[in-house]
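Undergrad: Below is the file protein.pdb, with PDB, C-alpha atoms and all ligand atoms.
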MODEL        1
ATOM      1  CA  MET V   6     -14.501 -50.464   6.123
ATOM      2  CA  VAL V   7     -16.744 -47.349   5.933
ATOM      3  CA  PHE V   8     -14.394 -45.588   8.364
ATOM      4  CA  GLU V   9     -11.370 -46.403   6.165
ATOM      5  CA  ILE V  10     -13.185 -45.104   3.069
ATOM      6  CA  ILE V  11     -14.061 -41.840   4.869
ATOM      7  CA  LEU V  12     -10.403 -41.463   5.963
ATOM      8  CA  LEU V  13      -9.256 -42.115   2.400
ATOM      9  CA  ILE V  14     -11.699 -39.522   1.006
ATOM     10  CA  ILE V  15     -10.472 -36.946   3.567
ATOM     11  CA  ALA V  16      -6.833 -37.691   2.686
ATOM     12  CA  VAL V  17      -7.568 -37.323  -1.051
ATOM     13  CA  LEU V  18      -9.428 -34.019  -0.454
ATOM     14  CA  ILE V  19      -6.510 -32.696   1.622
ATOM     15  CA  ALA V  20      -4.036 -33.713  -1.088
ATOM     16  CA  LEU V  21      -6.194 -32.140  -3.829
ATOM     17  CA  SER V  22      -6.580 -28.909  -1.864
ATOM     18  CA  ILE V  23      -2.783 -28.626  -1.480
ATOM     19  CA  VAL V  24      -2.134 -29.508  -5.144
ATOM     20  CA  TYR V  25      -4.712 -26.905  -6.247
ATOM     21  CA  SER V  26      -3.272 -24.080  -4.120
ATOM     22  CA  THR V  27       0.281 -24.997  -5.162
ATOM     23  CA  ALA V  28      -0.710 -24.763  -8.839
ATOM     24  CA  ARG V  29      -2.654 -21.521  -8.268
ATOM     25  CA  PHE V  30      -0.071 -19.659  -6.173
ATOM     26  CA  GLY V  31       3.108 -21.109  -7.616
ATOM     27  CA  ILE V  32       4.453 -22.602  -4.394
ATOM     28  CA  SER V  33       3.532 -25.305  -1.905
ATOM     29  CA  PRO V  34       3.058 -24.544   1.802
ATOM     30  CA  MET V  35       6.489 -26.039   2.526
ATOM     31  CA  PRO V  36       7.890 -24.468   5.707
ATOM     32  CA  SER V  37      11.276 -22.754   5.997
ATOM     33  CA  SER V  38      13.971 -25.135   7.220
ATOM     34  CA  LYS V  39      15.124 -25.008  10.843
ATOM     35  CA  LYS V  40      18.417 -23.393   9.767
ATOM     36  CA  ALA V  41      16.590 -20.775   7.684
ATOM     37  CA  TYR V  42      14.215 -20.101  10.580
ATOM     38  CA  GLN V  43      17.157 -19.520  12.925
ATOM     39  CA  ALA V  44      18.792 -17.137  10.423
ATOM     40  CA  MET V  45      15.520 -15.227   9.967
ATOM     41  CA  ILE V  46      15.174 -14.879  13.756
ATOM     42  CA  LYS V  47      18.733 -13.541  13.956
ATOM     43  CA  LEU V  48      17.854 -10.883  11.355
ATOM     44  CA  ILE V  49      14.492 -10.075  12.981
ATOM     45  CA  ASP V  50      16.340  -9.403  16.245
ATOM     46  CA  GLU V  51      17.909  -6.415  14.434
ATOM     47  CA  THR V  52      14.580  -4.842  13.411
ATOM     48  CA  GLY V  53      13.282  -3.217  16.593
ATOM     49  CA  SER V  54       9.816  -3.874  17.969
ATOM     50  CA  GLY V  55       7.392  -3.043  15.118
ATOM     51  CA  PRO V  56       4.797  -5.336  13.520
ATOM     52  CA  ILE V  57       5.946  -8.274  11.356
ATOM     53  CA  ILE V  58       4.000  -9.604   8.353
ATOM     54  CA  ASP V  59       4.681 -13.052   6.879
ATOM     55  CA  LEU V  60       3.789 -12.994   3.169
ATOM     56  CA  GLY V  61       2.444 -16.534   2.736
ATOM     57  CA  SER V  62       2.374 -17.911   6.279
ATOM     58  CA  GLY V  63       1.711 -21.546   5.265
ATOM     59  CA  TRP V  64       1.000 -23.891   8.193
ATOM     60  CA  GLY V  65       2.210 -21.252  10.658
ATOM     61  CA  ASN V  66       5.680 -22.765  11.134
ATOM     62  CA  PHE V  67       7.162 -19.290  11.140
ATOM     63  CA  VAL V  68       4.447 -17.002  12.562
ATOM     64  CA  ILE V  69       3.553 -19.228  15.532
ATOM     65  CA  PRO V  70       7.081 -19.479  17.011
ATOM     66  CA  ILE V  71       7.755 -15.768  16.378
ATOM     67  CA  ALA V  72       4.447 -14.765  18.006
ATOM     68  CA  LYS V  73       5.585 -16.764  21.063
ATOM     69  CA  ARG V  74       9.105 -15.348  20.943
ATOM     70  CA  TYR V  75       8.014 -11.700  20.630
ATOM     71  CA  PRO V  76       4.816 -11.394  22.703
ATOM     72  CA  GLN V  77       5.144  -7.587  22.595
ATOM     73  CA  ARG V  78       5.252  -7.487  18.771
ATOM     74  CA  GLN V  79       2.241  -7.717  16.490
ATOM     75  CA  ILE V  80       2.581 -10.662  14.074
ATOM     76  CA  ILE V  81       0.407 -10.985  10.954
ATOM     77  CA  GLY V  82       0.232 -13.785   8.395
ATOM     78  CA  TYR V  83      -1.431 -13.816   4.985
ATOM     79  CA  GLU V  84      -2.117 -17.239   3.486
ATOM     80  CA  MET V  85      -4.355 -18.234   0.571
ATOM     81  CA  SER V  86      -4.130 -22.015   0.837
ATOM     82  CA  LEU V  87      -7.255 -23.164   2.718
ATOM     83  CA  LEU V  88      -5.974 -26.065   4.785
ATOM     84  CA  PRO V  89      -2.700 -24.511   6.014
ATOM     85  CA  CYS V  90      -4.650 -21.360   6.889
ATOM     86  CA  LEU V  91      -7.263 -23.353   8.862
ATOM     87  CA  ILE V  92      -4.672 -25.429  10.734
ATOM     88  CA  SER V  93      -2.523 -22.423  11.663
ATOM     89  CA  THR V  94      -5.636 -20.537  12.839
ATOM     90  CA  LEU V  95      -6.630 -23.511  15.027
ATOM     91  CA  ILE V  96      -3.121 -23.658  16.558
ATOM     92  CA  LYS V  97      -3.144 -19.901  17.153
ATOM     93  CA  HIS V  98      -6.419 -20.200  19.116
ATOM     94  CA  ALA V  99      -5.279 -23.332  20.968
ATOM     95  CA  LEU V 100      -2.142 -21.513  22.120
ATOM     96  CA  GLY V 101      -4.000 -18.282  22.880
ATOM     97  CA  LEU V 102      -1.625 -16.171  20.774
ATOM     98  CA  LYS V 103      -3.318 -12.771  21.028
ATOM     99  CA  ASN V 104      -0.516 -10.945  19.187
ATOM    100  CA  LEU V 105      -0.963 -13.148  16.071
ATOM    101  CA  THR V 106      -3.521 -12.303  13.350
ATOM    102  CA  LEU V 107      -4.010 -14.622  10.378
ATOM    103  CA  TYR V 108      -5.861 -13.710   7.202
ATOM    104  CA  ARG V 109      -6.944 -15.946   4.333
ATOM    105  CA  GLN V 110      -6.088 -13.301   1.780
ATOM    106  CA  ASP V 111      -3.751 -12.707  -1.147
ATOM    107  CA  PHE V 112      -0.952 -10.572   0.284
ATOM    108  CA  LEU V 113      -0.751  -8.742  -3.055
ATOM    109  CA  THR V 114      -4.157  -7.186  -2.292
ATOM    110  CA  ALA V 115      -3.373  -6.538   1.382
ATOM    111  CA  ASN V 116      -2.516  -3.249   3.034
ATOM    112  CA  LEU V 117       1.096  -3.728   4.130
ATOM    113  CA  SER V 118       1.479  -0.242   5.585
ATOM    114  CA  THR V 119       0.950  -1.493   9.150
ATOM    115  CA  ALA V 120       4.163  -3.565   8.932
ATOM    116  CA  SER V 121       7.628  -2.620  10.003
ATOM    117  CA  VAL V 122       9.066  -5.926   8.760
ATOM    118  CA  LEU V 123       8.006  -8.178   5.861
ATOM    119  CA  VAL V 124       9.157 -11.790   5.898
ATOM    120  CA  CYS V 125       8.800 -14.262   3.036
ATOM    121  CA  TYR V 126       9.806 -17.618   1.614
ATOM    122  CA  LEU V 127       8.423 -17.569  -1.921
ATOM    123  CA  PHE V 128       9.861 -17.800  -5.461
ATOM    124  CA  PRO V 129      11.323 -15.391  -8.043
ATOM    125  CA  ALA V 130       8.064 -14.362  -9.806
ATOM    126  CA  ALA V 131       6.455 -13.561  -6.437
ATOM    127  CA  MET V 132       9.504 -11.457  -5.452
ATOM    128  CA  ASP V 133       8.979  -9.453  -8.678
ATOM    129  CA  LYS V 134       5.349  -8.799  -7.716
ATOM    130  CA  ILE V 135       6.372  -7.760  -4.189
ATOM    131  CA  LYS V 136       8.930  -5.355  -5.640
ATOM    132  CA  ILE V 137       6.260  -3.743  -7.870
ATOM    133  CA  LYS V 138       3.758  -3.546  -4.988
ATOM    134  CA  LEU V 139       6.311  -1.879  -2.718
ATOM    135  CA  GLN V 140       7.306   0.602  -5.446
ATOM    136  CA  LEU V 141       3.722   1.516  -6.359
ATOM    137  CA  GLU V 142       2.238   1.680  -2.864
ATOM    138  CA  LYS V 143       5.289   2.808  -0.857
ATOM    139  CA  PRO V 144       3.792   1.359   2.344
ATOM    140  CA  GLY V 145       6.603   2.655   4.566
ATOM    141  CA  VAL V 146       7.842  -0.820   5.516
ATOM    142  CA  GLU V 147      11.358  -0.629   6.985
ATOM    143  CA  PHE V 148      12.731  -4.140   6.437
ATOM    144  CA  LEU V 149      12.245  -7.159   4.221
ATOM    145  CA  ILE V 150      13.690 -10.543   5.168
ATOM    146  CA  SER V 151      13.579 -13.138   2.408
ATOM    147  CA  ASN V 152      14.473 -16.795   2.710
ATOM    148  CA  ASN V 153      16.352 -17.921  -0.406
ATOM    149  CA  PHE V 154      15.039 -15.452  -3.017
ATOM    150  CA  ALA V 155      16.411 -11.980  -3.658
ATOM    151  CA  LEU V 156      14.323  -8.843  -4.118
ATOM    152  CA  PRO V 157      15.024  -7.808  -7.749
ATOM    153  CA  SER V 158      16.918  -4.528  -8.354
ATOM    154  CA  HIS V 159      17.658  -4.063  -4.654
ATOM    155  CA  GLN V 160      20.952  -4.385  -2.850
ATOM    156  CA  PHE V 161      20.654  -6.407   0.343
ATOM    157  CA  ASP V 162      22.103  -4.980   3.542
ATOM    158  CA  LYS V 163      22.939  -8.323   5.056
ATOM    159  CA  VAL V 164      22.939 -11.933   3.950
ATOM    160  CA  ILE V 165      23.303 -15.072   6.047
ATOM    161  CA  GLN V 166      24.478 -18.085   4.082
ATOM    162  CA  LEU V 167      23.049 -21.261   5.576
ATOM    163  CA  ASN V 168      25.215 -24.223   6.352
ATOM    164  CA  ASP V 169      23.164 -26.474   4.047
ATOM    165  CA  PHE V 170      23.860 -28.316   0.782
ATOM    166  CA  TYR V 171      22.987 -25.285  -1.401
ATOM    167  CA  LYS V 172      24.521 -22.653   0.914
ATOM    168  CA  SER V 173      21.084 -21.019   0.743
ATOM    169  CA  PRO V 174      20.973 -17.291   1.405
ATOM    170  CA  VAL V 175      18.645 -15.436   3.775
ATOM    171  CA  TYR V 176      18.542 -11.742   2.873
ATOM    172  CA  LEU V 177      17.874  -8.627   4.923
ATOM    173  CA  TYR V 178      16.884  -5.468   3.007
ATOM    174  CA  LYS V 179      16.490  -2.051   4.588
ATOM    175  CA  LEU V 180      13.802  -0.456   2.475
ATOM    176  CA  ASN V 181      13.825   3.246   1.816
ATOM    177  CA  LEU V 182      11.321   3.411  -1.003
TER     178      LEU V 182
HETATM  179  C1  LIG B   1       7.004 -21.877   1.029
HETATM  180  S1  LIG B   1       5.577 -21.443   1.971
HETATM  181  C2  LIG B   1       6.332 -20.502   3.281
HETATM  182  C3  LIG B   1       5.625 -20.702   4.611
HETATM  183  C4  LIG B   1       6.192 -19.869   5.757
HETATM  184  N1  LIG B   1       6.267 -18.474   5.415
HETATM  185  C5  LIG B   1       7.562 -20.351   6.178
HETATM  186  O1  LIG B   1       8.551 -19.657   5.870
HETATM  187  O2  LIG B   1       7.655 -21.411   6.818
HETATM  188  C6  LIG B   1       4.872 -20.159   0.934
HETATM  189  C7  LIG B   1       3.389 -19.940   1.179
HETATM  190  O3  LIG B   1       2.992 -18.745   0.504
HETATM  191  C8  LIG B   1       1.620 -18.910   0.114
HETATM  192  N2  LIG B   1       1.360 -17.912  -0.924
HETATM  193  C9  LIG B   1       1.951 -17.802  -2.144
HETATM  194  N3  LIG B   1       1.471 -16.724  -2.799
HETATM  195  C10 LIG B   1       0.554 -16.148  -1.971
HETATM  196  C11 LIG B   1      -0.271 -14.978  -2.072
HETATM  197  N4  LIG B   1      -0.227 -14.198  -3.169
HETATM  198  N5  LIG B   1      -1.060 -14.647  -1.019
HETATM  199  C12 LIG B   1      -1.086 -15.427   0.099
HETATM  200  N6  LIG B   1      -0.326 -16.542   0.259
HETATM  201  C13 LIG B   1       0.480 -16.893  -0.763
HETATM  202  C14 LIG B   1       1.571 -20.356  -0.375
HETATM  203  O4  LIG B   1       0.238 -20.846  -0.356
HETATM  204  C15 LIG B   1       2.500 -21.051   0.646
HETATM  205  O5  LIG B   1       1.746 -21.583   1.709
ENDMDL
END
Translate the structure described by the file into C-alpha cells.
TA:
Amino acid sequence: MVFEIILLIIAVLIALSIVYSTARFGISPMPSSKKAYQAMIKLIDETGSGPIIDLGSGWGNFVIPIAKRYPQRQIIGYEMSLLPCLISTLIKHALGLKNLTLYRQDFLTANLSTASVLVCYLFPAAMDKIKIKLQLEKPGVEFLISNNFALPSHQFDKVIQLNDFYKSPVYLYKLNL
C-alpha cells in the first residue's frame, strides 16, 4: 500500500512538473512525429558538417538520434522543462554520446553563435522571439529548420509537406542576417 502511494505521489509530481513547464513556456515537451523527424533529417543532410542546436530539445527524441547519426557533428540542446531535461541527460550518458551537450537553459538567453544550424518545433509566439533574437544578435547561424511553424517575415528556401492529416510543413531557411 505504501509503495503504491509513493508511486502515485511520484506520478502526480511528474504530471505537475510537465503541466507547470507547459504553462510557463507555452508548449509541452511533445516530440516531433516520425514523419517530421525524417523530413528534418533530409534537410539537415543539406547543411554541411557544422554544429546543430535544438531550441527546446524536450525528451531528446530529436537530439539523441541525430547525435548518433552524425557522430562528427556537435549537437546541442536547450531545454527548460526539468523532467525532460533530466531524462534526456541520463540517456545521453547511458549511450555515451560525447558529441551531444544538453543545457537546462532558456534558449532565448543562450549564445547561439556556435551553431551552424538551428532546429525547432515550437509555436508562433516563440518563432517571433527567435526572429527578434536573430535580428538583434546576428549570431551568424547559416540555417534554421522549423517543424510546422514559419519564421515570420522570412522566405523559406525549401519546404517539405508531410504526408499527414494536416499536410504539415517542415521549413528550411538559409539565414543571411
Ligand atoms: C514540442 S517540444 C519539441 C521537442 C523536440 N525539439 C522535438 O522536436 O522532438 C518543444 C520543447 O521546447 C521547450 N521550450 C519552449 N520554450 C523554451 C525556451 N525558451 N527555452 C528552452 N526550452 C524551451 C519546451 O519545454 C518543450 O519541451
Undergrad: Return the single residue from V:Leu107, V:Leu95, V:Leu100, V:Ala155 that is closest to ligand LIG 1 (chain B), with distances computed using all atoms listed in the file.
TA: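 Result for the nearest residue to ligand LIG 1 (chain B): V:Leu107.
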Undergrad: Can you build me a table of chain V residues sitting at most 10 Å from ligand LIG 1 (chain B), with the closest atom pair per residue and its distance in Å to one decimal, using only C-alpha atoms and all ligand atoms, sorted by chain and residue number, as a tab-separated table?
TA:
residue	atom	partner	partner_atom	distance
V:Ile23	CA	B:LIG1	O4	8.4
V:Tyr25	CA	B:LIG1	O4	9.8
V:Ser26	CA	B:LIG1	O4	6.1
V:Thr27	CA	B:LIG1	O4	6.4
V:Ala28	CA	B:LIG1	O4	9.4
V:Arg29	CA	B:LIG1	N3	8.4
V:Phe30	CA	B:LIG1	N3	4.7
V:Gly31	CA	B:LIG1	C9	6.5
V:Ile32	CA	B:LIG1	C14	5.4
V:Ser33	CA	B:LIG1	C15	5.1
V:Pro34	CA	B:LIG1	O5	3.2
V:Met35	CA	B:LIG1	C1	4.5
V:Pro36	CA	B:LIG1	O2	3.3
V:Ser37	CA	B:LIG1	O2	3.9
V:Ser38	CA	B:LIG1	O2	7.3
V:Lys39	CA	B:LIG1	O2	9.2
V:Ala41	CA	B:LIG1	O1	8.3
V:Tyr42	CA	B:LIG1	O1	7.4
V:Met45	CA	B:LIG1	O1	9.2
V:Ile58	CA	B:LIG1	N1	9.6
V:Asp59	CA	B:LIG1	N1	5.8
V:Leu60	CA	B:LIG1	N6	6.2
V:Gly61	CA	B:LIG1	O3	3.2
V:Ser62	CA	B:LIG1	N1	4.0
V:Gly63	CA	B:LIG1	O5	3.6
V:Trp64	CA	B:LIG1	C3	6.7
V:Gly65	CA	B:LIG1	C4	6.5
V:Asn66	CA	B:LIG1	O2	4.9
V:Phe67	CA	B:LIG1	O2	4.8
V:Val68	CA	B:LIG1	N1	7.5
V:Ile69	CA	B:LIG1	O2	9.9
V:Gly82	CA	B:LIG1	N1	8.2
V:Tyr83	CA	B:LIG1	C12	5.2
V:Glu84	CA	B:LIG1	N6	3.8
V:Met85	CA	B:LIG1	C12	4.3
V:Ser86	CA	B:LIG1	O4	4.7
V:Leu87	CA	B:LIG1	O4	8.4
V:Leu88	CA	B:LIG1	O5	9.4
V:Pro89	CA	B:LIG1	O5	6.8
V:Cys90	CA	B:LIG1	O5	8.2
V:Tyr108	CA	B:LIG1	C12	8.7
V:Arg109	CA	B:LIG1	C12	7.2
V:Gln110	CA	B:LIG1	C12	5.7
V:Asp111	CA	B:LIG1	N5	3.3
V:Phe112	CA	B:LIG1	N5	4.3
V:Leu113	CA	B:LIG1	N4	5.5
V:Thr114	CA	B:LIG1	N4	8.1
V:Ala115	CA	B:LIG1	N5	8.8
V:Val124	CA	B:LIG1	N1	7.3
V:Cys125	CA	B:LIG1	N1	5.5
V:Tyr126	CA	B:LIG1	C2	4.8
V:Leu127	CA	B:LIG1	C6	5.2
V:Phe128	CA	B:LIG1	C1	8.2
V:Ala130	CA	B:LIG1	N3	9.9
V:Ala131	CA	B:LIG1	N3	6.9
V:Met132	CA	B:LIG1	N3	10.0
V:Lys134	CA	B:LIG1	N4	9.0
V:Ile135	CA	B:LIG1	N4	9.3
V:Ser151	CA	B:LIG1	O1	8.9
V:Asn152	CA	B:LIG1	O1	7.3
Undergrad: Do you know which residues are at most 12 Å from Val146 (chain V) counting all atoms listed in the file, after dropping those on the same chain fewer than 5 positions away, and could you put them as a ChimeraX atom specification?
TA: /V:52,55-58,116-124,138-140,178-182
Undergrad: Report the distance between CA of Lys97 (chain V) and CA of Gln77 (chain V) in Å, rounded to one decimal place.
TA: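 CA of Lys97 (chain V) sits 15.8 Å away from CA of Gln77 (chain V).
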Undergrad: Which residues match the PyMOL selection byres (((chain V and resi 173) around 10) and not hetatm) in the file above, as a ChimeraX atom specification?
TA: /V:40-41,152-154,164-172,174-176
Undergrad: To one decimal place, how far is CA of Pro76 (chain V) from CA of Thr106 (chain V) in Å?
TA: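 Computing it gives 12.6 Å between the two atoms.
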Undergrad: So how far away is CA of Leu91 (chain V) from CA of Leu12 (chain V), in Å?
TA: 18.6 Å
Undergrad: Taking the file above as input, evaluate the PyMOL selection byres (((chain V and resi 78) around 10) and not hetatm) and report the hits as a ChimeraX atom specification.
TA: /V:53-57,71-77,79-81,104-105
Undergrad: Which one is closest to Gln160 (chain V): V:Leu177, V:Gln43, V:Glu142, V:Ile19? Count only C-alpha atoms.
TA: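 The answer is V:Leu177, which sits nearest to Gln160 (chain V).
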Undergrad: Using all atoms listed in the file for the distances, tell me which of V:Leu156, V:Ile150, V:Ala99, V:Ile137 is nearest to Ile49 (chain V).
TA: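 Among the listed residues, V:Ile150 lies closest to Ile49 (chain V).
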Undergrad: Draw an axis-aligned box over all listed atoms of region 49-63 of chain V, pad each side with 5 Å, and write its centre and edge lengths in Å, one decimal, as AutoDock Vina command-line options.
TA:
--center_x 9.8 --center_y -12.3 --center_z 10.4 --size_x 26.2 --size_y 28.5 --size_z 25.2
Undergrad: Could you complete region 36-60 of chain V so that it carries N, CA, C and O atoms, and give it back as a short mmCIF file (atom, residue, chain, number, x, y, z; two decimals), keeping the file's coordinate frame?
TA:
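Output file out-v4.cif follows:
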data_model
loop_
_atom_site.label_atom_id
_atom_site.label_comp_id
_atom_site.auth_asym_id
_atom_site.auth_seq_id
_atom_site.Cartn_x
_atom_site.Cartn_y
_atom_site.Cartn_z
N PRO V 36 7.33 -25.43 4.74
CA PRO V 36 7.89 -24.47 5.71
C PRO V 36 9.37 -24.18 5.48
O PRO V 36 10.09 -24.99 4.87
N SER V 37 9.84 -23.04 5.99
CA SER V 37 11.28 -22.75 6.00
C SER V 37 11.97 -23.83 6.83
O SER V 37 11.41 -24.34 7.80
N SER V 38 13.21 -24.13 6.46
CA SER V 38 13.97 -25.14 7.22
C SER V 38 14.33 -24.57 8.60
O SER V 38 14.24 -23.35 8.82
N LYS V 39 14.76 -25.45 9.49
CA LYS V 39 15.12 -25.01 10.84
C LYS V 39 16.28 -24.00 10.78
O LYS V 39 16.28 -22.98 11.46
N LYS V 40 17.26 -24.29 9.88
CA LYS V 40 18.42 -23.39 9.77
C LYS V 40 17.98 -22.03 9.23
O LYS V 40 18.45 -20.99 9.68
N ALA V 41 17.08 -22.04 8.24
CA ALA V 41 16.59 -20.78 7.68
C ALA V 41 15.82 -20.01 8.76
O ALA V 41 15.97 -18.79 8.90
N TYR V 42 15.00 -20.74 9.52
CA TYR V 42 14.22 -20.10 10.58
C TYR V 42 15.15 -19.40 11.57
O TYR V 42 14.93 -18.25 11.95
N GLN V 43 16.23 -20.11 11.96
CA GLN V 43 17.16 -19.52 12.92
C GLN V 43 17.83 -18.27 12.36
O GLN V 43 18.01 -17.27 13.06
N ALA V 44 18.17 -18.31 11.06
CA ALA V 44 18.79 -17.14 10.42
C ALA V 44 17.80 -15.98 10.37
O ALA V 44 18.16 -14.82 10.63
N MET V 45 16.55 -16.28 10.05
CA MET V 45 15.52 -15.23 9.97
C MET V 45 15.31 -14.58 11.34
O MET V 45 15.17 -13.37 11.45
N ILE V 46 15.32 -15.40 12.39
CA ILE V 46 15.17 -14.88 13.76
C ILE V 46 16.34 -13.93 14.08
O ILE V 46 16.14 -12.85 14.65
N LYS V 47 17.55 -14.35 13.70
CA LYS V 47 18.73 -13.54 13.96
C LYS V 47 18.57 -12.16 13.30
O LYS V 47 18.90 -11.13 13.89
N LEU V 48 18.04 -12.15 12.07
CA LEU V 48 17.85 -10.88 11.36
C LEU V 48 16.69 -10.09 11.96
O LEU V 48 16.78 -8.86 12.09
N ILE V 49 15.63 -10.77 12.37
CA ILE V 49 14.49 -10.07 12.98
C ILE V 49 14.92 -9.38 14.28
O ILE V 49 14.46 -8.29 14.60
N ASP V 50 15.85 -10.00 15.00
CA ASP V 50 16.34 -9.40 16.24
C ASP V 50 16.94 -8.02 16.01
O ASP V 50 17.07 -7.23 16.93
N GLU V 51 17.30 -7.72 14.74
CA GLU V 51 17.91 -6.42 14.43
C GLU V 51 16.88 -5.40 13.95
O GLU V 51 17.26 -4.34 13.45
N THR V 52 15.58 -5.72 14.05
CA THR V 52 14.58 -4.84 13.41
C THR V 52 13.69 -4.09 14.39
O THR V 52 12.63 -3.60 13.99
N GLY V 53 14.08 -4.00 15.64
CA GLY V 53 13.28 -3.22 16.59
C GLY V 53 12.08 -3.98 17.10
O GLY V 53 12.12 -5.20 17.27
N SER V 54 10.96 -3.24 17.31
CA SER V 54 9.82 -3.87 17.97
C SER V 54 8.51 -3.70 17.18
O SER V 54 7.44 -3.95 17.70
N GLY V 55 8.60 -3.29 15.91
CA GLY V 55 7.39 -3.04 15.12
C GLY V 55 6.75 -4.32 14.61
O GLY V 55 7.31 -5.42 14.72
N PRO V 56 5.55 -4.18 14.02
CA PRO V 56 4.80 -5.34 13.52
C PRO V 56 5.52 -6.08 12.39
O PRO V 56 6.22 -5.48 11.57
N ILE V 57 5.32 -7.40 12.37
CA ILE V 57 5.95 -8.27 11.36
C ILE V 57 4.84 -8.94 10.54
O ILE V 57 3.89 -9.49 11.12
N ILE V 58 4.96 -8.90 9.21
CA ILE V 58 4.00 -9.60 8.35
C ILE V 58 4.71 -10.72 7.59
O ILE V 58 5.73 -10.48 6.94
N ASP V 59 4.17 -11.93 7.68
CA ASP V 59 4.68 -13.05 6.88
C ASP V 59 3.84 -13.14 5.60
O ASP V 59 2.63 -13.37 5.66
N LEU V 60 4.49 -12.96 4.46
CA LEU V 60 3.79 -12.99 3.17
C LEU V 60 3.71 -14.45 2.72
O LEU V 60 4.66 -14.99 2.16
#
